[in-house]
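Asker: Input file: start-v3.pdb. Contents: PDB, C-alpha atoms and all ligand atoms.
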ATOM      1  CA  MET A   1      14.855 -12.466  -2.037
ATOM      2  CA  ASN A   2      14.483 -14.457  -5.268
ATOM      3  CA  ILE A   3      16.779 -13.983  -8.292
ATOM      4  CA  HIS A   4      14.373 -11.583 -10.008
ATOM      5  CA  GLN A   5      14.151  -9.393  -6.888
ATOM      6  CA  ALA A   6      17.923  -9.478  -6.315
ATOM      7  CA  LYS A   7      18.672  -8.369  -9.906
ATOM      8  CA  GLN A   8      16.113  -5.562  -9.733
ATOM      9  CA  PHE A   9      17.391  -4.504  -6.313
ATOM     10  CA  ILE A  10      20.938  -4.073  -7.648
ATOM     11  CA  LYS A  11      19.625  -2.084 -10.647
ATOM     12  CA  HIS A  12      17.555   0.113  -8.336
ATOM     13  CA  PHE A  13      20.461   0.654  -5.956
ATOM     14  CA  PHE A  14      22.614   2.123  -8.738
ATOM     15  CA  SER A  15      19.932   4.081 -10.624
ATOM     16  CA  ALA A  16      17.705   5.572  -7.894
ATOM     17  CA  LYS A  17      18.095   9.151  -6.664
ATOM     18  CA  ARG A  18      18.940   9.653  -2.976
ATOM     19  CA  LYS A  19      17.378  13.127  -2.629
ATOM     20  CA  GLY A  20      15.239  15.594  -4.556
ATOM     21  CA  HIS A  21      18.259  17.401  -6.117
ATOM     22  CA  GLY A  22      17.995  17.491  -9.885
ATOM     23  CA  VAL A  23      14.319  16.496  -9.892
ATOM     24  CA  HIS A  24      12.754  18.770 -12.493
ATOM     25  CA  SER A  25       9.065  18.224 -11.740
ATOM     26  CA  PRO A  26       8.054  20.723  -8.992
ATOM     27  CA  PHE A  27       5.441  18.259  -7.692
ATOM     28  CA  ALA A  28       7.937  15.383  -7.474
ATOM     29  CA  TYR A  29      10.422  17.699  -5.751
ATOM     30  CA  GLN A  30       7.732  18.627  -3.206
ATOM     31  CA  LEU A  31       7.069  14.922  -2.610
ATOM     32  CA  CYS A  32      10.770  14.451  -1.828
ATOM     33  CA  GLU A  33      10.783  17.339   0.627
ATOM     34  CA  GLU A  34       7.443  16.697   2.326
ATOM     35  CA  VAL A  35       7.099  12.937   2.096
ATOM     36  CA  PHE A  36      10.038  10.719   1.143
ATOM     37  CA  TYR A  37      12.856  12.585   2.878
ATOM     38  CA  ASN A  38      10.812  14.448   5.461
ATOM     39  CA  GLU A  39      12.476  13.462   8.763
ATOM     40  CA  ASN A  40       9.773  14.944  10.998
ATOM     41  CA  ALA A  41       8.251  12.439  13.404
ATOM     42  CA  PHE A  42       4.491  12.876  13.494
ATOM     43  CA  TYR A  43       2.659  12.680  16.793
ATOM     44  CA  ASP A  44       0.856   9.431  15.824
ATOM     45  CA  PHE A  45       4.065   7.558  15.010
ATOM     46  CA  GLU A  46       4.970   6.796  18.611
ATOM     47  CA  THR A  47       1.552   5.259  19.407
ATOM     48  CA  LEU A  48       1.628   3.223  16.204
ATOM     49  CA  SER A  49       5.111   1.906  16.904
ATOM     50  CA  PHE A  50       3.865   0.637  20.297
ATOM     51  CA  VAL A  51       0.998  -1.129  18.489
ATOM     52  CA  ARG A  52       3.577  -2.769  16.183
ATOM     53  CA  GLU A  53       5.650  -3.807  19.195
ATOM     54  CA  ASP A  54       2.588  -5.512  20.741
ATOM     55  CA  LEU A  55       1.858  -7.376  17.497
ATOM     56  CA  LEU A  56       5.494  -8.485  17.270
ATOM     57  CA  ASN A  57       5.106 -10.110  20.692
ATOM     58  CA  ASP A  58       1.670 -11.661  20.113
ATOM     59  CA  LYS A  59       1.935 -15.475  20.038
ATOM     60  CA  THR A  60      -1.745 -16.059  19.082
ATOM     61  CA  VAL A  61      -2.027 -18.656  16.315
ATOM     62  CA  LEU A  62      -4.380 -17.843  13.414
ATOM     63  CA  ARG A  63      -5.681 -20.133  10.723
ATOM     64  CA  ILE A  64      -5.324 -18.220   7.453
ATOM     65  CA  GLU A  65      -7.009 -18.955   4.160
ATOM     66  CA  ASP A  66      -4.661 -17.721   1.415
ATOM     67  CA  PHE A  67      -6.471 -15.817  -1.328
ATOM     68  CA  GLY A  68      -3.557 -14.162  -3.007
ATOM     69  CA  ALA A  69      -0.745 -15.303  -5.255
ATOM     70  CA  GLY A  70       0.587 -17.437  -2.385
ATOM     71  CA  SER A  71       3.100 -16.554   0.296
ATOM     72  CA  LYS A  72       6.881 -16.692   0.075
ATOM     73  CA  ALA A  73       7.182 -16.168   3.830
ATOM     74  CA  PHE A  74       4.915 -18.983   5.065
ATOM     75  CA  LYS A  75       4.503 -22.657   4.205
ATOM     76  CA  SER A  76       1.621 -23.510   6.544
ATOM     77  CA  ASN A  77      -1.770 -21.847   6.981
ATOM     78  CA  GLN A  78      -1.323 -21.787  10.798
ATOM     79  CA  ARG A  79       0.492 -18.533  11.506
ATOM     80  CA  LYS A  80       1.371 -16.627  14.646
ATOM     81  CA  VAL A  81       0.400 -12.955  14.785
ATOM     82  CA  LYS A  82       4.011 -12.095  15.667
ATOM     83  CA  ASP A  83       5.318 -13.831  12.516
ATOM     84  CA  ILE A  84       2.792 -12.082  10.289
ATOM     85  CA  ALA A  85       3.787  -8.768  11.899
ATOM     86  CA  ALA A  86       7.465  -9.508  11.250
ATOM     87  CA  LYS A  87       7.240 -10.874   7.709
ATOM     88  CA  ALA A  88       4.012 -10.013   5.926
ATOM     89  CA  ILE A  89       2.951  -6.456   6.635
ATOM     90  CA  SER A  90       4.245  -3.040   5.627
ATOM     91  CA  THR A  91       7.369  -1.995   7.490
ATOM     92  CA  GLN A  92       7.349   0.980   9.833
ATOM     93  CA  LYS A  93       9.289   3.072   7.296
ATOM     94  CA  GLN A  94       6.826   2.216   4.535
ATOM     95  CA  SER A  95       3.691   2.943   6.608
ATOM     96  CA  GLU A  96       5.185   6.229   7.801
ATOM     97  CA  ILE A  97       5.793   7.280   4.168
ATOM     98  CA  PHE A  98       2.151   6.468   3.366
ATOM     99  CA  TYR A  99       1.033   8.485   6.393
ATOM    100  CA  LYS A 100       3.048  11.515   5.234
ATOM    101  CA  LEU A 101       1.741  11.088   1.695
ATOM    102  CA  ILE A 102      -1.909  11.029   2.813
ATOM    103  CA  ASN A 103      -1.240  14.028   5.033
ATOM    104  CA  PHE A 104       0.484  15.911   2.199
ATOM    105  CA  LEU A 105      -2.305  15.205  -0.308
ATOM    106  CA  LYS A 106      -4.999  15.929   2.318
ATOM    107  CA  ALA A 107      -6.601  12.677   1.173
ATOM    108  CA  LYS A 108     -10.065  11.803   2.447
ATOM    109  CA  HIS A 109     -11.156   8.646   0.611
ATOM    110  CA  CYS A 110      -8.643   5.824   0.976
ATOM    111  CA  LEU A 111      -8.956   2.219  -0.134
ATOM    112  CA  GLU A 112      -6.620  -0.612   0.859
ATOM    113  CA  LEU A 113      -6.700  -4.025  -0.847
ATOM    114  CA  GLY A 114      -5.225  -6.434   1.724
ATOM    115  CA  THR A 115      -5.775  -5.530   5.392
ATOM    116  CA  SER A 116      -3.822  -8.315   7.107
ATOM    117  CA  LEU A 117      -3.479  -7.322  10.809
ATOM    118  CA  GLY A 118      -4.770  -3.819  10.072
ATOM    119  CA  LEU A 119      -1.723  -1.935  11.325
ATOM    120  CA  ASN A 120      -1.116  -0.129   8.049
ATOM    121  CA  THR A 121      -4.857   0.600   7.949
ATOM    122  CA  LEU A 122      -4.418   2.440  11.256
ATOM    123  CA  TYR A 123      -1.680   4.619   9.726
ATOM    124  CA  PHE A 124      -4.083   5.471   6.882
ATOM    125  CA  ALA A 125      -6.954   6.175   9.296
ATOM    126  CA  LYS A 126      -4.867   8.439  11.510
ATOM    127  CA  ALA A 127      -3.441  10.336   8.528
ATOM    128  CA  ALA A 128      -6.914  10.769   6.985
ATOM    129  CA  LYS A 129      -8.498  11.946  10.250
ATOM    130  CA  HIS A 130     -11.212  13.916   8.471
ATOM    131  CA  GLY A 131     -11.860  11.198   5.926
ATOM    132  CA  SER A 132     -12.241   7.445   5.954
ATOM    133  CA  VAL A 133     -10.478   4.244   4.973
ATOM    134  CA  THR A 134     -12.041   1.167   3.439
ATOM    135  CA  SER A 135      -9.909  -1.949   3.767
ATOM    136  CA  ILE A 136     -10.617  -5.365   2.211
ATOM    137  CA  GLU A 137      -9.411  -8.698   3.565
ATOM    138  CA  GLY A 138     -10.366 -12.194   2.405
ATOM    139  CA  SER A 139      -9.278 -14.073   5.513
ATOM    140  CA  LYS A 140     -11.922 -13.976   8.256
ATOM    141  CA  SER A 141      -9.408 -14.515  11.067
ATOM    142  CA  LEU A 142      -7.291 -11.543   9.916
ATOM    143  CA  PHE A 143     -10.427  -9.448   9.424
ATOM    144  CA  ASP A 144     -11.371 -10.175  13.073
ATOM    145  CA  VAL A 145      -7.894  -9.266  14.364
ATOM    146  CA  ALA A 146      -7.888  -5.996  12.388
ATOM    147  CA  ASN A 147     -11.375  -5.076  13.617
ATOM    148  CA  ALA A 148     -10.410  -5.697  17.242
ATOM    149  CA  LEU A 149      -7.202  -3.685  16.842
ATOM    150  CA  ALA A 150      -9.054  -0.684  15.374
ATOM    151  CA  LYS A 151     -11.624  -0.822  18.170
ATOM    152  CA  LYS A 152      -8.864  -0.877  20.775
ATOM    153  CA  GLN A 153      -7.206   2.129  19.118
ATOM    154  CA  LYS A 154     -10.571   3.926  18.847
ATOM    155  CA  ALA A 155     -10.146   4.341  15.079
ATOM    156  CA  GLU A 156     -13.720   4.935  14.007
ATOM    157  CA  ASN A 157     -13.120   6.016  10.424
ATOM    158  CA  ILE A 158     -12.313   2.534   9.087
ATOM    159  CA  ASN A 159     -14.731   0.404   7.154
ATOM    160  CA  PHE A 160     -13.405  -3.186   7.148
ATOM    161  CA  ILE A 161     -14.809  -5.509   4.496
ATOM    162  CA  CYS A 162     -14.339  -9.262   4.586
ATOM    163  CA  GLY A 163     -14.398 -10.712   1.065
ATOM    164  CA  LYS A 164     -12.423 -11.566  -2.030
ATOM    165  CA  PHE A 165     -11.196  -8.504  -3.943
ATOM    166  CA  ASP A 166     -12.799  -9.595  -7.211
ATOM    167  CA  GLU A 167     -16.160 -10.060  -5.567
ATOM    168  CA  VAL A 168     -16.381  -6.932  -3.419
ATOM    169  CA  LEU A 169     -14.371  -4.353  -5.359
ATOM    170  CA  PRO A 170     -17.024  -3.458  -7.982
ATOM    171  CA  LYS A 171     -19.580  -2.568  -5.277
ATOM    172  CA  ILE A 172     -17.057  -0.593  -3.206
ATOM    173  CA  LEU A 173     -15.935   1.377  -6.252
ATOM    174  CA  ASN A 174     -19.554   2.112  -7.024
ATOM    175  CA  GLU A 175     -20.153   3.499  -3.543
ATOM    176  CA  ILE A 176     -16.919   5.397  -2.851
ATOM    177  CA  PRO A 177     -17.242   9.062  -3.962
ATOM    178  CA  ALA A 178     -13.631   9.213  -5.219
ATOM    179  CA  LEU A 179     -10.319   7.440  -4.826
ATOM    180  CA  ASP A 180      -7.845   9.835  -3.251
ATOM    181  CA  VAL A 181      -5.535   6.973  -2.272
ATOM    182  CA  LEU A 182      -5.646   3.403  -3.511
ATOM    183  CA  TYR A 183      -3.191   0.902  -2.021
ATOM    184  CA  ILE A 184      -3.043  -2.499  -3.709
ATOM    185  CA  ASP A 185      -1.265  -4.871  -1.347
ATOM    186  CA  GLY A 186      -2.584  -8.365  -2.017
ATOM    187  CA  ASN A 187      -2.963 -10.916  -4.793
ATOM    188  CA  HIS A 188       0.379 -10.043  -6.366
ATOM    189  CA  ALA A 189      -0.275 -11.525  -9.768
ATOM    190  CA  TYR A 190       0.040  -9.885 -13.201
ATOM    191  CA  GLU A 191      -3.568 -10.181 -14.357
ATOM    192  CA  ALA A 192      -5.198  -9.459 -11.017
ATOM    193  CA  THR A 193      -3.082  -6.316 -10.492
ATOM    194  CA  LEU A 194      -3.919  -4.970 -13.947
ATOM    195  CA  ASN A 195      -7.609  -5.757 -13.435
ATOM    196  CA  TYR A 196      -7.794  -3.906 -10.106
ATOM    197  CA  PHE A 197      -5.943  -0.953 -11.652
ATOM    198  CA  LYS A 198      -8.303  -0.738 -14.626
ATOM    199  CA  MET A 199     -11.392  -1.062 -12.432
ATOM    200  CA  ALA A 200     -10.148   1.653 -10.080
ATOM    201  CA  LEU A 201      -9.475   4.152 -12.887
ATOM    202  CA  GLN A 202     -13.177   5.089 -12.889
ATOM    203  CA  LYS A 203     -12.698   6.843  -9.496
ATOM    204  CA  LYS A 204      -9.316   8.518 -10.029
ATOM    205  CA  HIS A 205      -8.983  12.302 -10.214
ATOM    206  CA  ASN A 206      -6.250  14.879 -10.643
ATOM    207  CA  ASN A 207      -5.057  14.575  -7.013
ATOM    208  CA  SER A 208      -5.239  10.755  -6.716
ATOM    209  CA  VAL A 209      -2.362   8.446  -6.001
ATOM    210  CA  PHE A 210      -2.403   4.690  -6.609
ATOM    211  CA  ILE A 211       0.184   2.663  -4.700
ATOM    212  CA  PHE A 212       1.262  -0.813  -5.827
ATOM    213  CA  ASP A 213       3.120  -2.946  -3.338
ATOM    214  CA  ASP A 214       5.812  -5.487  -4.223
ATOM    215  CA  ILE A 215       6.349  -4.382  -7.826
ATOM    216  CA  TYR A 216       9.451  -6.593  -8.003
ATOM    217  CA  TRP A 217       7.920  -9.590  -6.203
ATOM    218  CA  SER A 218       7.919 -11.568  -9.463
ATOM    219  CA  ALA A 219       8.481 -11.062 -13.187
ATOM    220  CA  GLY A 220       4.668 -10.899 -13.548
ATOM    221  CA  MET A 221       4.365  -8.067 -11.020
ATOM    222  CA  THR A 222       7.166  -6.117 -12.717
ATOM    223  CA  LYS A 223       5.419  -6.575 -16.078
ATOM    224  CA  ALA A 224       2.166  -5.281 -14.545
ATOM    225  CA  TRP A 225       4.035  -2.268 -13.064
ATOM    226  CA  GLU A 226       5.645  -1.445 -16.441
ATOM    227  CA  GLU A 227       2.251  -1.514 -18.182
ATOM    228  CA  ILE A 228       0.575   0.522 -15.465
ATOM    229  CA  LYS A 229       3.187   3.279 -15.431
ATOM    230  CA  HIS A 230       2.949   3.611 -19.221
ATOM    231  CA  HIS A 231      -0.858   3.809 -19.199
ATOM    232  CA  ALA A 232      -2.127   6.885 -21.062
ATOM    233  CA  SER A 233      -3.737   8.380 -17.925
ATOM    234  CA  VAL A 234      -0.524   8.277 -15.833
ATOM    235  CA  THR A 235       1.608  11.440 -15.861
ATOM    236  CA  LEU A 236       4.127  10.572 -13.149
ATOM    237  CA  SER A 237       5.398   7.268 -11.766
ATOM    238  CA  ILE A 238       7.685   6.871  -8.787
ATOM    239  CA  ASP A 239       9.512   3.624  -8.168
ATOM    240  CA  MET A 240      10.618   3.095  -4.551
ATOM    241  CA  PHE A 241      11.595  -0.566  -5.222
ATOM    242  CA  TYR A 242       9.356  -2.012  -2.470
ATOM    243  CA  PHE A 243       6.363  -0.182  -3.913
ATOM    244  CA  GLY A 244       5.471   2.087  -6.808
ATOM    245  CA  LEU A 245       3.325   5.206  -6.952
ATOM    246  CA  ILE A 246       1.414   6.614  -9.892
ATOM    247  CA  PHE A 247      -0.131  10.066 -10.294
ATOM    248  CA  PHE A 248      -2.559  11.466 -12.844
ATOM    249  CA  ARG A 249      -1.853  15.197 -12.428
ATOM    250  CA  GLU A 250      -2.498  17.251 -15.530
ATOM    251  CA  GLU A 251      -0.004  19.945 -14.514
ATOM    252  CA  VAL A 252       2.822  17.400 -15.009
ATOM    253  CA  LYS A 253       3.064  18.198 -18.705
ATOM    254  CA  GLU A 254       5.821  15.791 -19.651
ATOM    255  CA  LYS A 255       5.331  12.169 -18.549
ATOM    256  CA  ARG A 256       8.038  11.235 -16.035
ATOM    257  CA  HIS A 257       9.246   7.984 -14.442
ATOM    258  CA  LEU A 258      11.409   8.517 -11.371
ATOM    259  CA  LYS A 259      13.219   6.177  -8.992
ATOM    260  CA  PHE A 260      14.104   7.004  -5.396
ATOM    261  CA  TRP A 261      16.040   5.289  -2.665
ATOM    262  CA  VAL A 262      14.785   5.782   0.878
TER
HETATM  263  C1  LIG B   1       0.620  -8.262   2.328
HETATM  264  S1  LIG B   1      -0.855  -8.513   3.171
HETATM  265  C2  LIG B   1      -1.463  -6.885   3.474
HETATM  266  C3  LIG B   1      -0.628  -6.091   4.399
HETATM  267  C4  LIG B   1      -1.187  -4.748   4.809
HETATM  268  N1  LIG B   1      -1.722  -3.996   3.710
HETATM  269  C5  LIG B   1      -0.083  -3.935   5.423
HETATM  270  O1  LIG B   1       0.435  -3.037   4.776
HETATM  271  O2  LIG B   1       0.276  -4.197   6.556
HETATM  272  C6  LIG B   1      -1.953  -9.059   1.917
HETATM  273  C7  LIG B   1      -3.305  -9.488   2.432
HETATM  274  O3  LIG B   1      -4.198  -9.557   1.337
HETATM  275  C8  LIG B   1      -5.086 -10.649   1.517
HETATM  276  N2  LIG B   1      -5.493 -11.072   0.162
HETATM  277  C9  LIG B   1      -4.676 -11.481  -0.831
HETATM  278  N3  LIG B   1      -5.387 -11.738  -1.945
HETATM  279  C10 LIG B   1      -6.683 -11.489  -1.653
HETATM  280  C11 LIG B   1      -7.898 -11.575  -2.399
HETATM  281  N4  LIG B   1      -7.900 -11.958  -3.686
HETATM  282  N5  LIG B   1      -9.049 -11.222  -1.787
HETATM  283  C12 LIG B   1      -9.044 -10.839  -0.482
HETATM  284  N6  LIG B   1      -7.923 -10.725   0.285
HETATM  285  C13 LIG B   1      -6.761 -11.070  -0.300
HETATM  286  C14 LIG B   1      -4.262 -11.697   2.239
HETATM  287  O4  LIG B   1      -5.096 -12.552   2.993
HETATM  288  C15 LIG B   1      -3.319 -10.843   3.095
HETATM  289  O5  LIG B   1      -3.768 -10.720   4.399
END
Would you mind giving the structure from this file in structure tokens?

Answerer:
Amino acid sequence: MNIHQAKQFIKHFFSAKRKGHGVHSPFAYQLCEEVFYNENAFYDFETLSFVREDLLNDKTVLRIEDFGAGSKAFKSNQRKVKDIAAKAISTQKQSEIFYKLINFLKAKHCLELGTSLGLNTLYFAKAAKHGSVTSIEGSKSLFDVANALAKKQKAENINFICGKFDEVLPKILNEIPALDVLYIDGNHAYEATLNYFKMALQKKHNNSVFIFDDIYWSAGMTKAWEEIKHHASVTLSIDMFYFGLIFFREEVKEKRHLKFWV
């Protein structure tokens, strides 16, 4: 954790709510009950935790081209699958929250920016069984690993795209009917994050959620998060420290910014 993250972590620890009590927005309260603090283990979770276990034991070395804002976890571009699984993908807790969120919103059209090993993509695909997931990855070696993993798990509703976000996003946004869930988890830089957000707005609707990973990764990311949550189209923002969620629901009459600890 860098100094910026540590400071923000302490702030979050003391200001975030631990449960839905006292949350005035009925929708946010429902999110607490059904998503954030819902202790139910879904049937898919066991299978997906075995997949994670396998990745955590996989000593295959990959050569990774870094397209994002750099990595704090790795110095070299030769990385073992097991190290990527341990340090550079969504945690089990995080992916399970996303699964419950997709399930709760009955989301069908999901888009992930940053596939990596494709484990989180599998959570999305299993939660959106009757829909599909598009996931973009710039590194060809990671794209290949994710493809092979999805094939092995018989996840047929994933469309993996190998390319740089800036180059492929306009076409994908043109083709996707709507964005029910957008997860931005790569290129954690101020300008890039704001650009992807603004581009994606064209496909948002009343039931959409946009998820931004690593909102406290750097001062630039926190600045981007602050601007995004205050955008005129956003009616509710939820800060979970490791990621932030924004909603555009018209029934949330008074704009709200909430913080939760999970
Ligand atoms: C944090 S990882 C994604 C983890 C994954 N979403 C998960 O939850 O497990 C970010 C990925 O985004 C990719 N990436 C970063 N910037 C990119 C860019 N501009 N274009 C394409 N891919 C990029 C990196 O190669 C990396 O694999």

Asker: For the interface of chain A with ligand LIG 1 (chain B) (cut-off 10 Å, counting all atoms listed in the file), please tabulate each contacting residue of chain A alongside its nearest pair of atoms and their separation in Å to one decimal, rows sorted by chain and increasing number, as CSV.

Answerer:
residue,atom,partner,partner_atom,distance
A:Ile64,CA,B:LIG1,O4,7.2
A:Glu65,CA,B:LIG1,O4,6.8
A:Asp66,CA,B:LIG1,O4,5.4
A:Phe67,CA,B:LIG1,N3,4.3
A:Gly68,CA,B:LIG1,N3,3.2
A:Ala69,CA,B:LIG1,N3,6.7
A:Gly70,CA,B:LIG1,C9,8.1
A:Ser71,CA,B:LIG1,C1,8.9
A:Ile84,CA,B:LIG1,S1,8.8
A:Ala85,CA,B:LIG1,O2,7.9
A:Lys87,CA,B:LIG1,C1,8.9
A:Ala88,CA,B:LIG1,C1,5.2
A:Ile89,CA,B:LIG1,O2,3.5
A:Ser90,CA,B:LIG1,O1,3.9
A:Thr91,CA,B:LIG1,O2,7.5
A:Gln92,CA,B:LIG1,O2,9.4
A:Gln94,CA,B:LIG1,O1,8.3
A:Ser95,CA,B:LIG1,O1,7.1
A:Phe98,CA,B:LIG1,O1,9.8
A:Glu112,CA,B:LIG1,N1,6.6
A:Leu113,CA,B:LIG1,O3,6.5
A:Gly114,CA,B:LIG1,O3,3.3
A:Thr115,CA,B:LIG1,N1,4.6
A:Ser116,CA,B:LIG1,O5,3.6
A:Leu117,CA,B:LIG1,O2,6.5
A:Gly118,CA,B:LIG1,O2,6.2
A:Leu119,CA,B:LIG1,O2,5.6
A:Asn120,CA,B:LIG1,O2,4.6
A:Thr121,CA,B:LIG1,N1,7.0
A:Leu122,CA,B:LIG1,O2,9.4
A:Tyr123,CA,B:LIG1,O1,9.4
A:Phe124,CA,B:LIG1,O1,9.9
A:Ser135,CA,B:LIG1,N1,8.4
A:Ile136,CA,B:LIG1,C12,6.3
A:Glu137,CA,B:LIG1,N6,4.1
A:Gly138,CA,B:LIG1,C12,3.5
A:Ser139,CA,B:LIG1,O4,5.1
A:Lys140,CA,B:LIG1,O4,8.7
A:Ser141,CA,B:LIG1,O4,9.4
A:Leu142,CA,B:LIG1,O5,6.6
A:Phe143,CA,B:LIG1,O5,8.4
A:Ile161,CA,B:LIG1,C12,9.3
A:Cys162,CA,B:LIG1,C12,7.5
A:Gly163,CA,B:LIG1,C12,5.6
A:Lys164,CA,B:LIG1,N5,3.4
A:Phe165,CA,B:LIG1,N5,4.1
A:Asp166,CA,B:LIG1,N4,6.5
A:Glu167,CA,B:LIG1,N5,8.1
A:Val168,CA,B:LIG1,N5,8.7
A:Leu169,CA,B:LIG1,N5,9.4
A:Tyr183,CA,B:LIG1,N1,7.7
A:Ile184,CA,B:LIG1,N1,7.7
A:Asp185,CA,B:LIG1,N1,5.2
A:Gly186,CA,B:LIG1,O3,3.9
A:Asn187,CA,B:LIG1,N3,3.8
A:His188,CA,B:LIG1,N3,7.5
A:Ala189,CA,B:LIG1,N3,9.3
A:Ala192,CA,B:LIG1,N4,8.2
A:Asp213,CA,B:LIG1,C1,8.2
A:Asp214,CA,B:LIG1,C1,8.8

Asker: Under the rule that all atoms listed in the file are counted, which of A:Ala107, A:Ala232, A:Ile102, A:Val51 is the nearest residue to A:Lys82?

Answerer: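 Going through A:Ala107, A:Ala232, A:Ile102, A:Val51 one by one, the smallest distance to A:Lys82 is for A:Val51.
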
Asker: Please provide as number ranges by chain all residues within 8 Å of A:Phe9, with the sequence filter that same-chain residues fewer than 4 positions apart are discarded (counting all atoms listed in the file).

Answerer: A: 5, 13, 241

Asker: Any idea what's packed within 8 Å of A:Asp180, counting all atoms listed in the file, ignoring anything in its chain fewer than 6 positions away? Could you give it as a count of residues only?

Answerer: 9

Asker: Here is a test: counting only C-alpha atoms, which residue of A:Ala219, A:Tyr29, A:Leu245, A:Glu227 is nearest to A:His4?

Answerer: A:Ala219

Asker: Can you work out the spacing between atom CA of A:Thr193 and atom CA of A:Arg18 in Å, to one decimal?

Answerer: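 Distance between the two atoms: 28.2 Å.
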
Asker: Which residue gives the smallest distance to A:His230 among A:Lys80, A:Phe248, A:Ala28, A:Lys154, with all atoms listed in the file counted?

Answerer: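 For A:His230, the nearest of the given residues is A:Phe248.
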
Asker: Which one is closest to A:Leu173: A:Asn147, A:Thr60, A:Gln202, A:Ser49? Count all atoms listed in the file.

Answerer: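 Smallest separation from A:Leu173 among the options: A:Gln202.
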
Asker: Which residue out of A:Glu34, A:Asp58, A:Asp44, A:Asp239 has the minimum interatomic distance to A:Ala125 when all atoms listed in the file are used?

Answerer: A:Asp44

Asker: Which residues are near stretch 259-261 of chain A? Cut-off 9 Å, all atoms listed in the file, ignore same chain within fewer than 3 positions. Put them as a compact mmCIF listing (two decimals) with C-alpha atoms, in the frame of the given file.

Answerer:
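Listing of result-v1.txt after writing:
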# COMPACT_ATOMS: atom_id res chain seq x y z
CA HIS A 12 17.56 0.11 -8.34
CA PHE A 13 20.46 0.65 -5.96
CA SER A 15 19.93 4.08 -10.62
CA ALA A 16 17.70 5.57 -7.89
CA LYS A 17 18.10 9.15 -6.66
CA ARG A 18 18.94 9.65 -2.98
CA LYS A 19 17.38 13.13 -2.63
CA GLY A 20 15.24 15.59 -4.56
CA CYS A 32 10.77 14.45 -1.83
CA PHE A 36 10.04 10.72 1.14
CA SER A 237 5.40 7.27 -11.77
CA ILE A 238 7.68 6.87 -8.79
CA ASP A 239 9.51 3.62 -8.17
CA MET A 240 10.62 3.10 -4.55
CA PHE A 241 11.60 -0.57 -5.22

Asker: In Å, with one decimal, what is the gap from atom CA of A:Lys75 to atom CA of A:Ala146?

Answerer: 22.3 Å

Asker: What's the 10 Å shell around A:Asp83, counting only C-alpha atoms, without same-chain residues fewer than 6 positions away, as number ranges by chain?

Answerer: A: 55-61, 73-74, 89

Asker: At a cut-off of 6 Å around the point (3.0, -2.5, -8.8) (file coordinates), what residues fall inside when counting all atoms listed in the file? I'd like the answer as a ChimeraX atom specification.

Answerer: /A:212-213,215,225,244

Asker: Of the candidates A:Lys93, A:Lys100, A:His24, A:Lys152, which one gets nearest to A:Asn38 if we count only C-alpha atoms?

Answerer: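 Among the listed residues, the smallest separation from A:Asn38 belongs to A:Lys100.
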
Asker: Just give me the gap between atom CA of A:Gln78 and atom CA of A:Leu62 in Å, one decimal is fine.

Answerer: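 Atom-to-atom, atom CA of A:Gln78 to atom CA of A:Leu62, that is 5.6 Å.
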
Asker: Which centre and which edge lengths, in Å to one decimal, describe the axis-aligned box that holds all listed atoms of stretch 83-101 of chain A after 5 Å is added on each side, as JSON?

Answerer:
{"center_x": 5.2, "center_y": -1.2, "center_z": 7.1, "size_x": 18.3, "size_y": 35.3, "size_z": 20.8}

Asker: At a cut-off of 12 Å, using all atoms listed in the file, what residues contact A:Pro26? Leave out same-chain residues fewer than 5 positions from it and give the result as a PyMOL selection string.

Answerer: chain A and resi 20-21+31-33+236+249+251-254+256
